[in-house]
Every structure is written in structure tokens, then in C-alpha cells.
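Chemist: Sharing a structure below in C-alpha cells format, with a few things to ask.
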Amino acid sequence: ASSEPKGPAMLLVVGLSGIDAREAEAIASSGVDAGLILNQSSDAKIVRQMVEAARDIPLGVFVKDIGEEGVNELADSGCDFLVFDIKSSALVMHKKGIGKFLVVEASLGEGSMRAISALDVDGVFIKGGEEAFVTVEHLLVYRRLNDLVDKPVMAILPSLVTNIELEDLQQTGIAGVVTPAVAQPTEILAELRKRIDDLPRVAKRRRDKVGVILPHYGGSGDVGEEEEEEEEEEDI
């Protein structure tokens, strides 16, 4: 007999501009699962400030073409996970004590999508197009990637979505969504959280696919071996 799905229907990750630490303060009390700084030019200092402001909410950073030195700086800043593109150094995948997620474009070829399963990453984020709404193409791409990759898939949304769009996104099998990096009132984020929680639970489409894990290492930047063993995790 199949067991009832546990946890939220989808994870809710809030996109942040990475400019003002008050953004992180807002998500700390809105019931979201994580924050993700989408500004690729955010330095380690502002990241550390946002980590402290987010308190118990895992905080990630979106990076591009990053190398080993940049990864070390961000890890030392206390961020919990990195979302990096395929042009980044392969050394990123070997960094301990931090979550690692690959971000891909919808145009990535089918062969490359399949090969992602062999990489040492915790999941995949996929970027949408320039449209200000969820398109049929978005749904097709999300479903295709979810079918090809044996890792959780997170969709970076072009805008806040309606209830119908949330249901359509859930049906593609994605593990969660990332909102745009536009400052939103705590009430709006809390309402989006509630709308996701109210979605009907659906059976997982792949038996061999585990839920996405957003690690939380406490945001201190001075994580010792003993503390790493006690890390907290968000899971679905």
C-alpha cells in the first residue's frame, strides 16, 4: 500500500535581490522554506548579513562561472547552498559542508539533461523564459526535465502565480518553486505558502526520486566537524 505524501506539496523558495538584509528579515517570519539570492554580484559581506537576518531559514546564493575561491568565500559567509551554472568550476561539486544545486536553461539538450543524474549535486533548478506568466512551454520543459533527471527539480518562476498555475506546476512533478527577486510583503508570501499547502497531494511520478533537501548549517560561517553532524534539513 502506498503511504500518504509527507511535507508540503511543493517547497517555496523566495528570490532575493541580495541588496538589503531586510529582505531576509521578511522571509524569516513568512513560513517559506528558503531564500535564494538571485543577484550574481552579491559579495560575501552582504551574504553574511542576509544569513544572519534570515535566522533559521536556509539561504542560498545563485552564482555564475564561479571558481574554487569564490565558493570558499561564500561558504565562509555562512550560506547554506549554492545554485551554479554549467560553466562553473567542477570543483564546486566537491565542496563539503554546503548544498550544491545545478541551474540549467530550458534549451539544454536532452542528452545533457540525462547526464545530470550522474553529477554530485543535490538537485536541479531550471530557469523559465522572459514571459511574465507560466506558459505551456514552461510546463512541457519542467515535465521533460523531471522525467529525464533522477534528482529533484525546482522551477525559477517568471512571476508570482495563480492557484491554477500552481496546480499545473505541481502536475509536472517539480519539487518546488522560486519566486522572482521582487520585494514582497510578508502577508503575500504567507498567502502563497498557504496556497501551496492547500494543494491536493499527488503521488510521486518517479519511485527512485527523493525529495529535495535544502540544508541549513546554522549560518555561522565557523562550522566545526561536530556542528556539521548536527545540521538541520528541510525535506519533502
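By order in the C-alpha cells, chains are A, B, ...; within a chain, residues start at 1; ligands start at 1, following the order shown.
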Please identify all polymer residues within 10 Å of Gly31 (chain A), counting only C-alpha atoms, omitting same-chain residues fewer than 2 positions from it, and present them as a PyMOL selection string.

Modeler: chain A and resi 12+26-29+33-34+57+186+189-194

Chemist: What are the DSSP strand (DSSP E or B) residues of region 116-145 of chain A, as a ChimeraX atom specification?

Modeler: /A:123-127

Chemist: Save the residues we just selected, all heavy atoms, as an mmCIF file, in the first residue's frame?

Modeler:
```cif
data_model
loop_
_atom_site.group_PDB
_atom_site.id
_atom_site.type_symbol
_atom_site.label_atom_id
_atom_site.label_comp_id
_atom_site.auth_asym_id
_atom_site.auth_seq_id
_atom_site.Cartn_x
_atom_site.Cartn_y
_atom_site.Cartn_z
ATOM 1 N N GLY A 123 20.285 18.616 -6.520
ATOM 2 C CA GLY A 123 19.077 18.845 -7.287
ATOM 3 C C GLY A 123 19.346 19.792 -8.429
ATOM 4 O O GLY A 123 20.485 20.208 -8.668
ATOM 5 N N VAL A 124 18.280 20.149 -9.146
ATOM 6 C CA VAL A 124 18.399 20.980 -10.341
ATOM 7 C C VAL A 124 17.391 22.119 -10.287
ATOM 8 O O VAL A 124 16.211 21.900 -9.966
ATOM 9 C CB VAL A 124 18.144 20.149 -11.619
ATOM 10 C CG1 VAL A 124 18.431 20.998 -12.861
ATOM 11 C CG2 VAL A 124 18.990 18.889 -11.636
ATOM 12 N N PHE A 125 17.857 23.323 -10.572
ATOM 13 C CA PHE A 125 16.978 24.477 -10.753
ATOM 14 C C PHE A 125 16.903 24.760 -12.245
ATOM 15 O O PHE A 125 17.913 24.679 -12.947
ATOM 16 C CB PHE A 125 17.532 25.713 -10.035
ATOM 17 C CG PHE A 125 17.339 25.708 -8.549
ATOM 18 C CD1 PHE A 125 18.009 24.797 -7.745
ATOM 19 C CD2 PHE A 125 16.490 26.627 -7.938
ATOM 20 C CE1 PHE A 125 17.842 24.789 -6.373
ATOM 21 C CE2 PHE A 125 16.314 26.632 -6.558
ATOM 22 C CZ PHE A 125 16.996 25.704 -5.774
ATOM 23 N N ILE A 126 15.725 25.083 -12.746
ATOM 24 C CA ILE A 126 15.581 25.411 -14.162
ATOM 25 C C ILE A 126 14.980 26.796 -14.314
ATOM 26 O O ILE A 126 14.008 27.142 -13.633
ATOM 27 C CB ILE A 126 14.744 24.359 -14.916
ATOM 28 C CG1 ILE A 126 14.663 24.708 -16.406
ATOM 29 C CG2 ILE A 126 13.361 24.179 -14.303
ATOM 30 C CD1 ILE A 126 14.179 23.584 -17.288
ATOM 31 N N LYS A 127 15.602 27.581 -15.183
ATOM 32 C CA LYS A 127 15.144 28.946 -15.402
ATOM 33 C C LYS A 127 14.052 28.968 -16.456
ATOM 34 O O LYS A 127 14.114 28.254 -17.460
ATOM 35 C CB LYS A 127 16.326 29.811 -15.852
ATOM 36 C CG LYS A 127 17.427 29.922 -14.820
ATOM 37 C CD LYS A 127 18.652 30.631 -15.362
ATOM 38 C CE LYS A 127 18.370 32.087 -15.658
ATOM 39 N NZ LYS A 127 19.592 32.806 -16.106
#
```

Chemist: So which bits of region 125-200 of chain A end up helix (DSSP H, G or I) when you DSSP the backbone, as JSON, numbers by chain?

Modeler: {"A": [136, 137, 138, 139, 140, 141, 142, 143, 144, 145, 146, 147, 148, 163, 164, 165, 166, 167, 168, 169, 170, 171, 186, 187, 188, 189, 190, 191, 192, 193, 194, 195, 196, 197]}

Chemist: I'd like to know which of A:Ile98, A:Leu36, A:Val14, A:Val161 is closest to Gln184 (chain A), using only C-alpha atoms.

Modeler: A:Val14

Chemist: Fewer than 4 positions away in the same chain doesn't count, so skip those; otherwise give me all residues within 6 Å of region 58-60 of chain A, counting only C-alpha atoms, as a VMD selection string.

Modeler: chain A and resid 34 to 36 79 to 82 216

Chemist: Take the residues that were just selected and, keeping all heavy atoms, output them as a PDB file, in the first residue's frame.

Modeler:
```
ATOM      1  N   ALA A  34      12.893  28.548   2.151  1.00  0.00           N
ATOM      2  CA  ALA A  34      14.263  29.020   1.959  1.00  0.00           C
ATOM      3  C   ALA A  34      14.258  30.336   1.202  1.00  0.00           C
ATOM      4  O   ALA A  34      13.240  30.742   0.630  1.00  0.00           O
ATOM      5  CB  ALA A  34      15.094  27.985   1.193  1.00  0.00           C
ATOM      6  N   GLY A  35      15.399  31.003   1.207  1.00  0.00           N
ATOM      7  CA  GLY A  35      15.605  32.189   0.388  1.00  0.00           C
ATOM      8  C   GLY A  35      16.750  31.928  -0.570  1.00  0.00           C
ATOM      9  O   GLY A  35      17.669  31.162  -0.264  1.00  0.00           O
ATOM     10  N   LEU A  36      16.706  32.561  -1.732  1.00  0.00           N
ATOM     11  CA  LEU A  36      17.759  32.390  -2.728  1.00  0.00           C
ATOM     12  C   LEU A  36      18.132  33.747  -3.299  1.00  0.00           C
ATOM     13  O   LEU A  36      17.308  34.414  -3.918  1.00  0.00           O
ATOM     14  CB  LEU A  36      17.301  31.464  -3.864  1.00  0.00           C
ATOM     15  CG  LEU A  36      18.276  31.271  -5.028  1.00  0.00           C
ATOM     16  CD1 LEU A  36      19.593  30.668  -4.539  1.00  0.00           C
ATOM     17  CD2 LEU A  36      17.651  30.388  -6.118  1.00  0.00           C
ATOM     18  N   CYS A  79      26.377  30.873   4.000  1.00  0.00           N
ATOM     19  CA  CYS A  79      25.219  30.486   3.193  1.00  0.00           C
ATOM     20  C   CYS A  79      25.088  28.963   3.206  1.00  0.00           C
ATOM     21  O   CYS A  79      26.063  28.235   3.378  1.00  0.00           O
ATOM     22  CB  CYS A  79      25.320  31.036   1.776  1.00  0.00           C
ATOM     23  SG  CYS A  79      26.446  30.172   0.685  1.00  0.00           S
ATOM     24  N   ASP A  80      23.876  28.489   3.021  1.00  0.00           N
ATOM     25  CA  ASP A  80      23.579  27.072   3.176  1.00  0.00           C
ATOM     26  C   ASP A  80      23.704  26.259   1.890  1.00  0.00           C
ATOM     27  O   ASP A  80      24.006  25.073   1.943  1.00  0.00           O
ATOM     28  CB  ASP A  80      22.167  26.910   3.735  1.00  0.00           C
ATOM     29  CG  ASP A  80      22.021  27.557   5.100  1.00  0.00           C
ATOM     30  OD1 ASP A  80      22.663  27.068   6.045  1.00  0.00           O
ATOM     31  OD2 ASP A  80      21.295  28.568   5.211  1.00  0.00           O
ATOM     32  N   PHE A  81      23.440  26.886   0.749  1.00  0.00           N
ATOM     33  CA  PHE A  81      23.557  26.151  -0.510  1.00  0.00           C
ATOM     34  C   PHE A  81      23.872  27.095  -1.659  1.00  0.00           C
ATOM     35  O   PHE A  81      23.591  28.291  -1.595  1.00  0.00           O
ATOM     36  CB  PHE A  81      22.285  25.345  -0.807  1.00  0.00           C
ATOM     37  CG  PHE A  81      21.025  26.145  -0.960  1.00  0.00           C
ATOM     38  CD1 PHE A  81      20.559  26.496  -2.217  1.00  0.00           C
ATOM     39  CD2 PHE A  81      20.280  26.529   0.144  1.00  0.00           C
ATOM     40  CE1 PHE A  81      19.388  27.232  -2.371  1.00  0.00           C
ATOM     41  CE2 PHE A  81      19.105  27.254   0.011  1.00  0.00           C
ATOM     42  CZ  PHE A  81      18.658  27.605  -1.249  1.00  0.00           C
ATOM     43  N   LEU A  82      24.474  26.538  -2.703  1.00  0.00           N
ATOM     44  CA  LEU A  82      24.815  27.282  -3.910  1.00  0.00           C
ATOM     45  C   LEU A  82      24.028  26.738  -5.085  1.00  0.00           C
ATOM     46  O   LEU A  82      23.806  25.526  -5.193  1.00  0.00           O
ATOM     47  CB  LEU A  82      26.307  27.168  -4.219  1.00  0.00           C
ATOM     48  CG  LEU A  82      27.298  27.783  -3.226  1.00  0.00           C
ATOM     49  CD1 LEU A  82      28.729  27.521  -3.699  1.00  0.00           C
ATOM     50  CD2 LEU A  82      27.052  29.268  -3.061  1.00  0.00           C
ATOM     51  N   HIS A 216      20.625  23.294   6.099  1.00  0.00           N
ATOM     52  CA  HIS A 216      20.775  24.504   6.915  1.00  0.00           C
ATOM     53  C   HIS A 216      21.904  24.263   7.904  1.00  0.00           C
ATOM     54  O   HIS A 216      21.809  23.389   8.758  1.00  0.00           O
ATOM     55  CB  HIS A 216      19.479  24.809   7.668  1.00  0.00           C
ATOM     56  CG  HIS A 216      19.531  26.087   8.452  1.00  0.00           C
ATOM     57  ND1 HIS A 216      20.070  27.242   7.939  1.00  0.00           N
ATOM     58  CD2 HIS A 216      19.127  26.398   9.706  1.00  0.00           C
ATOM     59  CE1 HIS A 216      19.992  28.207   8.840  1.00  0.00           C
ATOM     60  NE2 HIS A 216      19.427  27.711   9.928  1.00  0.00           N
TER      61      HIS A 216
END
```

Chemist: Find, counting only C-alpha atoms, the residue in A:Glu52, A:Asp65, A:Asp120, A:Asp20 that gets nearest to Val182 (chain A).

Modeler: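 Smallest distance to Val182 (chain A) is found for A:Asp20.
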
Chemist: Counting only C-alpha atoms, which of A:His94, A:Phe84, A:Val61, A:Gly78 gets nearest to Gly15 (chain A)?

Modeler: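 Using only C-alpha atoms, the shortest distance to Gly15 (chain A) belongs to A:Val61.
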
Chemist: Using only C-alpha atoms, find the one residue out of A:Ala118, A:Phe62, A:Met10, A:Leu160 that sits nearest to Gly99 (chain A).

Modeler: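 Checking each candidate against Gly99 (chain A), we get A:Phe62 as the closest.
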
Chemist: For Ser89 (chain A), please output as a PyMOL selection string all residues within 10 Å (counting only C-alpha atoms; exclusion window: fewer than 3 positions along the same chain).

Modeler: chain A and resi 64-68+71+84-86+92-93

Chemist: Kindly give the distance, in Å, that separates CA of Leu38 (chain A) and CA of Asp198 (chain A), rounded to a single decimal.

Modeler: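 Interatomic distance here is 27.2 Å.
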
Chemist: Using only C-alpha atoms, can you tell me which of A:Glu23, A:Gly176, A:Asn39, A:Val13 comes closest to Ala54 (chain A)?

Modeler: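 Once distances to Ala54 (chain A) are computed over only C-alpha atoms, the minimum belongs to A:Glu23.
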
Chemist: Nearest to Pro152 (chain A): which of A:Val32, A:Leu74, A:Leu16, A:Leu102 is it, counting only C-alpha atoms?

Modeler: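 Closest to Pro152 (chain A) of all the choices is A:Leu102.
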